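**Q** structure.txt (compact mmCIF, C-alpha atoms) pasted underneath:
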# COMPACT_ATOMS: atom_id res chain seq x y z
CA MET A 1477 152.14 192.86 62.21
CA THR A 1478 148.59 191.66 61.93
CA SER A 1479 149.65 188.34 60.34
CA VAL A 1480 152.06 187.63 63.18
CA PHE A 1481 149.27 188.08 65.78
CA THR A 1482 146.96 185.75 63.87
CA VAL A 1483 149.56 183.00 63.77
CA ARG A 1484 150.22 183.32 67.52
CA SER A 1485 146.48 183.14 68.29
CA SER A 1486 146.08 179.97 66.22
CA VAL A 1487 149.00 178.37 68.04
CA SER A 1488 147.40 179.23 71.40
CA VAL A 1489 144.08 177.65 70.34
CA VAL A 1490 145.89 174.47 69.26
CA ARG A 1491 147.74 174.30 72.59
CA VAL A 1492 144.47 174.66 74.55
CA TYR A 1493 142.81 171.92 72.46
CA VAL A 1494 145.72 169.52 72.96
CA ALA A 1495 145.77 170.21 76.71
CA THR A 1496 142.05 169.56 76.92
CA CYS A 1497 142.39 166.21 75.10
CA TRP A 1498 145.23 165.19 77.44
CA LEU A 1499 143.09 165.91 80.51
CA VAL A 1500 140.22 163.88 79.08
CA CYS A 1501 142.46 160.89 78.46
CA VAL A 1502 144.32 161.02 81.78
CA VAL A 1503 141.61 162.06 84.22
CA GLY A 1504 138.82 160.12 82.53
CA GLY A 1505 136.82 162.96 81.15
CA PHE A 1506 133.40 161.97 79.92
CA ALA A 1507 132.91 158.18 80.50
CA PRO A 1508 130.78 156.26 78.00
CA SER A 1509 127.29 155.24 79.13
CA ILE A 1510 127.05 151.72 80.73
CA ASP A 1511 123.82 149.72 81.33
CA ILE A 1512 123.74 148.66 85.01
CA PRO A 1513 121.43 145.75 85.79
CA ASP A 1514 118.67 146.26 88.30
CA THR A 1515 119.52 145.00 91.78
CA THR A 1516 117.32 142.38 93.49
CA THR A 1517 116.71 141.48 97.11
CA GLU A 1518 115.71 137.83 96.43
CA PRO A 1519 118.35 135.29 97.54
CA PRO A 1520 119.62 132.85 94.94
CA PRO A 1521 117.96 129.40 94.96
CA THR A 1522 119.58 126.94 97.33
CA THR A 1523 119.40 123.15 97.80
CA PRO A 1524 117.74 122.14 101.11
CA ASP A 1525 120.17 120.94 103.71
CA PRO A 1526 119.63 117.17 104.11
CA ALA A 1527 120.22 117.58 107.81
CA THR A 1528 116.99 119.60 108.07
CA LEU A 1529 114.73 117.31 106.02
CA PRO A 1530 112.29 114.87 107.66
CA TYR A 1531 112.96 111.14 107.45
CA PHE A 1532 111.22 107.86 108.31
CA LEU A 1533 112.16 105.29 110.93
CA HIS A 1534 115.22 103.31 109.83
CA HIS A 1535 115.02 105.35 106.59
CA LEU A 1536 112.63 102.71 105.21
CA ASN A 1537 110.48 104.04 102.37
CA SER A 1538 108.43 100.87 101.85
CA THR A 1539 107.12 97.95 103.87
CA ASN A 1540 104.49 95.18 103.84
CA VAL A 1541 101.72 94.43 106.34
CA THR A 1542 99.84 91.10 106.28
CA ILE A 1543 96.76 90.30 108.37
CA SER A 1544 93.78 87.96 108.26
CA ARG A 1545 90.32 89.10 107.30
CA GLY A 1546 88.38 90.67 110.16
CA LYS A 1547 91.46 91.76 112.09
CA THR A 1548 92.66 95.34 112.65
CA ALA A 1549 95.38 96.58 110.30
CA THR A 1550 97.83 99.14 111.69
CA LEU A 1551 100.03 100.96 109.17
CA ASP A 1552 102.88 102.79 110.92
CA CYS A 1553 104.52 106.00 109.75
CA GLN A 1554 107.15 107.28 112.15
CA VAL A 1555 108.46 110.66 111.00
CA PHE A 1556 111.50 112.39 112.47
CA ARG A 1557 112.23 116.16 112.16
CA LEU A 1558 108.65 116.84 111.05
CA ARG A 1559 108.61 120.40 112.48
CA ASP A 1560 105.82 122.45 110.86
CA ARG A 1561 105.16 120.01 108.03
CA THR A 1562 101.99 117.92 107.56
CA VAL A 1563 101.54 114.13 107.34
CA SER A 1564 98.88 112.69 105.01
CA TRP A 1565 97.71 109.18 104.17
CA VAL A 1566 96.45 108.28 100.69
CA ARG A 1567 95.44 105.06 98.98
CA ARG A 1568 96.69 104.44 95.46
CA GLN A 1569 94.58 102.31 93.12
CA GLY A 1570 96.18 102.36 89.69
CA ASP A 1571 96.24 105.96 88.51
CA THR A 1572 93.63 106.99 91.11
CA ILE A 1573 94.61 108.44 94.48
CA HIS A 1574 92.12 108.54 97.37
CA LEU A 1575 92.81 111.01 100.19
CA LEU A 1576 92.34 109.32 103.57
CA THR A 1577 93.79 111.65 106.21
CA VAL A 1578 95.49 115.04 106.51
CA GLY A 1579 97.12 115.72 109.83
CA SER A 1580 94.75 114.36 112.48
CA THR A 1581 91.65 114.73 110.28
CA THR A 1582 90.13 111.72 108.51
CA TYR A 1583 88.50 112.30 105.12
CA HIS A 1584 87.37 108.74 104.35
CA SER A 1585 83.60 108.15 104.49
CA ASN A 1586 84.10 104.67 105.96
CA ASP A 1587 84.51 104.96 109.73
CA ARG A 1588 86.65 101.80 109.75
CA TYR A 1589 89.51 104.10 108.68
CA GLN A 1590 91.01 106.21 111.47
CA LEU A 1591 94.15 108.23 112.13
CA GLU A 1592 95.81 107.58 115.47
CA PHE A 1593 98.84 109.58 116.59
CA VAL A 1594 101.15 107.73 118.96
CA GLU A 1595 103.73 109.84 120.75
CA PRO A 1596 106.26 110.95 119.89
CA ASN A 1597 106.12 110.69 116.08
CA ASN A 1598 104.02 107.76 114.81
CA TRP A 1599 101.13 108.71 112.48
CA GLN A 1600 99.21 105.43 112.30
CA LEU A 1601 96.53 104.63 109.76
CA VAL A 1602 94.23 102.11 111.46
CA ILE A 1603 91.76 99.98 109.47
CA HIS A 1604 89.29 98.12 111.65
CA ALA A 1605 87.71 94.79 110.60
CA ALA A 1606 89.87 94.58 107.48
CA GLU A 1607 88.22 93.19 104.36
CA GLU A 1608 89.69 91.71 101.21
CA THR A 1609 88.78 94.95 99.40
CA ASP A 1610 91.13 96.86 101.72
CA GLN A 1611 94.13 95.07 100.23
CA GLY A 1612 96.42 97.31 98.21
CA ALA A 1613 98.99 100.13 98.26
CA TYR A 1614 98.92 102.99 100.78
CA GLU A 1615 101.23 106.01 101.06
CA CYS A 1616 102.28 108.13 104.01
CA GLN A 1617 103.27 111.54 102.61
CA VAL A 1618 105.13 114.40 104.29
CA SER A 1619 104.71 117.94 102.90
CA SER A 1620 108.42 118.70 102.60
CA HIS A 1621 110.28 119.94 99.51
CA PRO A 1622 110.82 117.53 97.93
CA PRO A 1623 107.98 115.53 99.54
CA LYS A 1624 108.83 112.38 101.49
CA ILE A 1625 106.76 109.26 100.73
CA ARG A 1626 106.59 105.94 102.56
CA ARG A 1627 104.71 103.14 100.79
CA VAL A 1628 102.90 100.36 102.65
CA PHE A 1629 101.34 97.35 100.90
CA LEU A 1630 98.51 95.76 102.86
CA ALA A 1631 97.74 92.09 102.20
CA VAL A 1632 94.48 90.69 103.61
CA TYR A 1633 94.26 86.91 103.49
CA VAL A 1634 91.29 84.62 104.16
CA PRO A 1635 91.94 81.54 106.34
CA ARG A 1636 90.60 78.44 104.58
CA LEU A 1637 90.19 74.75 105.41
CA GLU A 1638 89.47 71.81 103.12
CA ILE A 1639 89.03 68.08 103.82
CA PHE A 1640 90.38 65.31 101.55
CA ASP A 1641 90.25 61.53 101.76
CA GLY A 1642 93.28 59.24 101.85
CA ARG A 1643 93.59 59.36 98.04
CA GLY A 1644 93.72 63.16 97.99
CA GLU A 1645 90.19 63.75 96.69
CA ALA A 1646 88.17 66.62 98.16
CA ILE A 1647 85.07 65.15 99.79
CA LEU A 1648 81.84 66.20 101.46
CA GLU A 1649 80.65 62.63 102.09
CA LYS A 1650 82.42 59.29 102.25
CA PHE A 1651 81.31 55.65 102.77
CA TYR A 1652 83.45 53.05 104.51
CA GLU A 1653 82.99 49.39 105.32
CA VAL A 1654 83.13 48.15 108.88
CA GLY A 1655 86.69 47.23 109.85
CA SER A 1656 88.32 49.43 107.20
CA GLY A 1657 90.54 52.37 108.02
CA ILE A 1658 89.33 55.96 107.84
CA ASP A 1659 91.88 58.50 106.67
CA LEU A 1660 90.88 62.18 106.55
CA ARG A 1661 93.24 65.02 105.70
CA CYS A 1662 92.62 68.69 106.47
CA ASP A 1663 94.62 71.23 104.49
CA ALA A 1664 94.81 74.66 106.12
CA TYR A 1665 95.66 77.93 104.40
CA HIS A 1666 96.80 80.97 106.41
CA VAL A 1667 96.11 79.16 109.67
CA PRO A 1668 98.58 78.61 112.55
CA ARG A 1669 99.74 75.02 112.83
CA ASP A 1670 98.51 74.53 116.40
CA ALA A 1671 95.10 76.06 115.66
CA ILE A 1672 93.58 73.07 113.78
CA VAL A 1673 91.00 71.08 115.72
CA TRP A 1674 89.18 67.88 114.68
CA SER A 1675 85.71 67.27 116.07
CA ARG A 1676 82.81 64.87 115.64
CA ALA A 1677 79.27 66.14 116.16
CA GLY A 1678 80.71 69.14 118.03
CA ALA A 1679 82.93 67.10 120.37
CA LYS A 1680 86.70 67.39 119.99
CA VAL A 1681 88.50 64.31 118.71
CA TYR A 1682 91.69 63.63 120.68
CA HIS A 1683 94.82 61.71 119.77
CA THR A 1684 94.19 58.34 121.47
CA PRO A 1685 96.34 55.64 119.84
CA ASP A 1686 95.16 52.99 122.33
CA ALA A 1687 91.63 53.48 120.98
CA GLY A 1688 92.82 53.34 117.40
CA VAL A 1689 92.46 57.09 116.80
CA SER A 1690 95.39 59.32 115.90
CA VAL A 1691 95.60 63.03 115.07
CA GLU A 1692 98.82 64.24 113.49
CA THR A 1693 99.66 67.71 112.16
CA SER A 1694 102.64 68.59 109.98
CA SER A 1695 103.78 71.42 107.73
CA GLY A 1696 102.71 71.32 104.09
CA ALA A 1697 103.64 73.33 101.01
CA SER A 1698 100.82 75.87 101.54
CA GLY A 1699 100.34 75.57 105.28
CA PRO A 1700 99.72 73.04 108.03
CA VAL A 1701 98.23 69.62 107.19
CA SER A 1702 96.34 67.64 109.81
CA TRP A 1703 95.48 63.93 109.53
CA LEU A 1704 92.74 62.05 111.35
CA HIS A 1705 93.20 58.26 111.31
CA ILE A 1706 90.70 55.71 112.61
CA LYS A 1707 92.29 52.27 112.53
CA ALA A 1708 89.25 49.97 112.38
CA ALA A 1709 85.98 51.75 111.71
CA ALA A 1710 82.73 50.66 113.35
CA THR A 1711 79.18 51.72 112.54
CA SER A 1712 79.33 53.88 115.68
CA ASP A 1713 82.05 55.94 113.98
CA SER A 1714 79.51 57.30 111.48
CA GLY A 1715 78.75 61.00 111.73
CA ASN A 1716 79.86 64.48 110.74
CA TYR A 1717 83.57 65.16 111.15
CA SER A 1718 84.80 68.75 111.12
CA CYS A 1719 88.14 70.48 110.80
CA SER A 1720 88.12 73.96 112.35
CA ALA A 1721 90.43 76.85 113.20
CA GLN A 1722 90.02 80.36 114.51
CA ASP A 1723 88.89 82.94 111.90
CA ALA A 1724 88.34 80.21 109.28
CA HIS A 1725 85.14 78.66 107.99
CA THR A 1726 84.77 75.12 109.35
CA ALA A 1727 85.12 72.27 106.85
CA THR A 1728 82.82 69.29 107.43
CA VAL A 1729 82.51 65.81 105.89
CA ARG A 1730 79.82 63.20 106.49
CA ILE A 1731 81.17 59.71 107.17
CA GLN A 1732 79.01 56.61 106.81
CA VAL A 1733 80.37 53.29 108.10
CA LEU A 1734 78.34 50.38 106.72
CA ASP A 1735 78.27 46.72 107.72
CA GLY A 1736 78.71 43.97 105.15
CA GLU A 1737 75.08 43.74 104.04
CA SER A 1738 74.56 47.50 103.97
CA CYS A 1739 77.82 47.99 102.13
CA THR A 1740 76.78 45.43 99.48
CA SER A 1741 73.43 47.17 99.06
CA TYR A 1742 75.18 50.51 98.77
CA THR A 1743 77.61 49.14 96.17
CA ARG A 1744 74.71 47.81 94.09
CA LEU A 1745 72.90 51.13 94.38
CA LYS A 1746 76.02 52.96 93.30
CA HIS A 1747 76.31 50.79 90.17
CA VAL A 1748 72.65 51.39 89.35
CA LEU A 1749 73.05 55.14 89.71
CA TYR A 1750 76.22 55.01 87.64
CA ARG A 1751 74.39 53.26 84.79
CA LEU A 1752 71.45 55.67 85.02
CA TYR A 1753 73.72 58.68 84.62
CA THR A 1754 76.30 57.32 82.19
CA VAL A 1755 74.29 55.19 79.72
CA PRO A 1756 72.04 58.06 78.55
CA GLN A 1757 75.14 60.16 77.98
CA GLN A 1758 76.64 57.41 75.78
CA LEU A 1759 73.48 57.34 73.64
CA LEU A 1760 73.64 61.08 72.91
Show the structure stored in the file as structure tokens.
**A**
Amino acid sequence: MTSVFTVRSSVSVVRVYVATCWLVCVVGGFAPSIDIPDTTTEPPPTTPDPATLPYFLHHLNSTNVTISRGKTATLDCQVFRLRDRTVSWVRRQGDTIHLLTVGSTTYHSNDRYQLEFVEPNNWQLVIHAAEETDQGAYECQVSSHPPKIRRVFLAVYVPRLEIFDGRGEAILEKFYEVGSGIDLRCDAYHVPRDAIVWSRAGAKVYHTPDAGVSVETSSGASGPVSWLHIKAAATSDSGNYSCSAQDAHTATVRIQVLDGESCTSYTRLKHVLYRLYTVPQQLL
């Protein structure tokens, strides 16, 4: 009797165990532990919308400005959609960067450099009385992400004049014989064609073909070329002749027109001087 009860009890325990296992499998029972990553409130990184970024006029990121020495250089930087960003000007010299302006504040010690804002969006860097040392690369920078940069190269040229004779030799003084023709050529560099003026002793020389004087200006390889022709020179044509133009140093040549006797004396003197200077050199 006792053995029968023991068997029935064991069967009951087995049934309870099996039922418990079935509930665990079906209902879910005790789930295994799972590592849940920590949540964050930071938004994922995004690429700026191009429609919100600032841009320059005509989308030009580089340009050149050329002026003559002594003039005022104006470097434009028109920025659209600037919003709360800042515009700065810097000068780049090799690997060195010099800060010039930030916003409307100028940081350059030379007061020739100034920042001028022209409505509605032009941040101009103005350089007064430009010098040759001001030539170089400048950058207009906008503090966006990524930053926007507009490069401006400033070229400062020096107007120059030089006088040559009819054979193309640079001269400061020239002798002619009475009745011969005088041909003077003025080569101009970085000078407007109509700006060249010939003068004698401070008085302007005009184109007067009837008097045997002609002034002709044409375009050369490096700039305008102006010729002064005197058909038949007289002793009264002697003097200082100058070629001048605005913003350029005046070039001057001394012309001596000699009569027959004076010209012969001058020729003899020239031969004497030639022998004095060349013979000792040959003996060395």
**Q** Closest to Asp1735 in chain A among A:Asp1587, A:Ala1721, A:Ser1714, A:Tyr1633, using all atoms listed in the file?
**A** A:Ser1714
**Q** Kindly assemble as a Markdown table a list of the range 1579-1681 of chain A residues that lie within 10 Å of range 1527-1541 of chain A, each paired with its nearest atom pair and their distance in Å to one decimal, using all atoms listed in the file, sorted first by chain and then by ascending residue number.
**A**
| residue | atom | partner | partner_atom | distance |
| --- | --- | --- | --- | --- |
| A:Asn1597 | CA | A:Leu1533 | CA | 9.6 |
| A:Asn1598 | CA | A:Leu1533 | CA | 9.3 |
| A:Gln1611 | CA | A:Val1541 | CA | 9.8 |
| A:Ala1613 | CA | A:Asn1540 | CA | 9.3 |
| A:Tyr1614 | CA | A:Ser1538 | CA | 9.8 |
| A:Glu1615 | CA | A:Ser1538 | CA | 8.9 |
| A:Cys1616 | CA | A:Asn1537 | CA | 9.3 |
| A:Val1618 | CA | A:Pro1530 | CA | 7.9 |
| A:Ser1619 | CA | A:Pro1530 | CA | 9.5 |
| A:Ser1620 | CA | A:Leu1529 | CA | 7.3 |
| A:His1621 | CA | A:Leu1529 | CA | 8.3 |
| A:Pro1622 | CA | A:Leu1529 | CA | 9.0 |
| A:Pro1623 | CA | A:Pro1530 | CA | 9.2 |
| A:Lys1624 | CA | A:Tyr1531 | CA | 7.4 |
| A:Ile1625 | CA | A:Asn1537 | CA | 6.6 |
| A:Arg1626 | CA | A:Asn1537 | CA | 4.3 |
| A:Arg1627 | CA | A:Ser1538 | CA | 4.5 |
| A:Val1628 | CA | A:Thr1539 | CA | 5.0 |
| A:Phe1629 | CA | A:Asn1540 | CA | 4.8 |
| A:Leu1630 | CA | A:Val1541 | CA | 4.9 |
| A:Ala1631 | CA | A:Val1541 | CA | 6.2 |
| A:Val1632 | CA | A:Val1541 | CA | 8.6 |
**Q** Between A:Ile1639, A:Arg1561, A:Phe1651, A:Ser1695, which is the closest to Arg1669 in chain A once you count all atoms listed in the file?
**A** A:Ser1695
**Q** Rounded to one decimal place, report the CA of Tyr1589 in chain A-CA of Leu1637 in chain A distance in Å.
**A**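 Between CA of Tyr1589 in chain A and CA of Leu1637 in chain A the gap is 29.5 Å.
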**Q** Please, what distance in Å, to one decimal, runs between CA of Lys1707 in chain A and CA of Ile1672 in chain A?
**A**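 Going from CA of Lys1707 in chain A over to CA of Ile1672 in chain A covers 20.9 Å.
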**Q** Between A:Gln1600, A:Ser1702, A:Thr1562, A:Gln1732, which residue has the minimum interatomic distance to Cys1719 in chain A, considering only C-alpha atoms?
**A**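 Under the stated criterion, the closest residue is A:Ser1702.
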**Q** Calculated over only C-alpha atoms, which of the candidates A:Ala1687, A:Ala1664, A:Ala1708, A:Ile1603 has the smallest distance to Ala1724 in chain A?
**A** A:Ala1664
**Q** Find the distance between CA of Tyr1652 in chain A and CA of Ala1679 in chain A and write it in Å to one decimal.
**A**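 Going from CA of Tyr1652 in chain A over to CA of Ala1679 in chain A, I get 21.2 Å.
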**Q** Restricting the calculation to only C-alpha atoms, which member of A:Ala1606, A:Leu1551, A:Ala1677, A:Leu1704 is positioned closest to Phe1640 in chain A?
**A** A:Leu1704
**Q** Identify the residues within 12 Å of coordinate (91.0, 54.6, 113.9) (same frame as the file), considering all atoms listed in the file, and give the answer as an mmCIF file with C-alpha atoms, in the coordinates of the input.
**A**
data_model
loop_
_atom_site.group_PDB
_atom_site.id
_atom_site.type_symbol
_atom_site.label_atom_id
_atom_site.label_comp_id
_atom_site.auth_asym_id
_atom_site.auth_seq_id
_atom_site.Cartn_x
_atom_site.Cartn_y
_atom_site.Cartn_z
ATOM 1 C CA VAL A 1654 83.130 48.150 108.880
ATOM 2 C CA GLY A 1655 86.690 47.230 109.850
ATOM 3 C CA SER A 1656 88.320 49.430 107.200
ATOM 4 C CA GLY A 1657 90.540 52.370 108.020
ATOM 5 C CA ILE A 1658 89.330 55.960 107.840
ATOM 6 C CA ASP A 1659 91.880 58.500 106.670
ATOM 7 C CA LEU A 1660 90.880 62.180 106.550
ATOM 8 C CA VAL A 1681 88.500 64.310 118.710
ATOM 9 C CA TYR A 1682 91.690 63.630 120.680
ATOM 10 C CA HIS A 1683 94.820 61.710 119.770
ATOM 11 C CA THR A 1684 94.190 58.340 121.470
ATOM 12 C CA PRO A 1685 96.340 55.640 119.840
ATOM 13 C CA ASP A 1686 95.160 52.990 122.330
ATOM 14 C CA ALA A 1687 91.630 53.480 120.980
ATOM 15 C CA GLY A 1688 92.820 53.340 117.400
ATOM 16 C CA VAL A 1689 92.460 57.090 116.800
ATOM 17 C CA SER A 1690 95.390 59.320 115.900
ATOM 18 C CA VAL A 1691 95.600 63.030 115.070
ATOM 19 C CA TRP A 1703 95.480 63.930 109.530
ATOM 20 C CA LEU A 1704 92.740 62.050 111.350
ATOM 21 C CA HIS A 1705 93.200 58.260 111.310
ATOM 22 C CA ILE A 1706 90.700 55.710 112.610
ATOM 23 C CA LYS A 1707 92.290 52.270 112.530
ATOM 24 C CA ALA A 1708 89.250 49.970 112.380
ATOM 25 C CA ALA A 1709 85.980 51.750 111.710
ATOM 26 C CA ALA A 1710 82.730 50.660 113.350
ATOM 27 C CA SER A 1712 79.330 53.880 115.680
ATOM 28 C CA ASP A 1713 82.050 55.940 113.980
#
**Q** Pick from A:Thr1548, A:Gln1722, A:Ser1698, A:Ser1675: nearest to Glu1607 in chain A, with only C-alpha atoms counted?
**A**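 Of A:Thr1548, A:Gln1722, A:Ser1698, A:Ser1675, the one nearest Glu1607 in chain A, counting only C-alpha atoms, is A:Thr1548.
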**Q** How big is the axis-aligned box around all listed atoms of range 1662-1669 of chain A once 5 Å goes on each side, and where's its centre, in Å to one decimal, as AutoDock Vina command-line options?
**A**
--center_x 96.2 --center_y 74.8 --center_z 108.6 --size_x 17.1 --size_y 22.3 --size_z 18.4
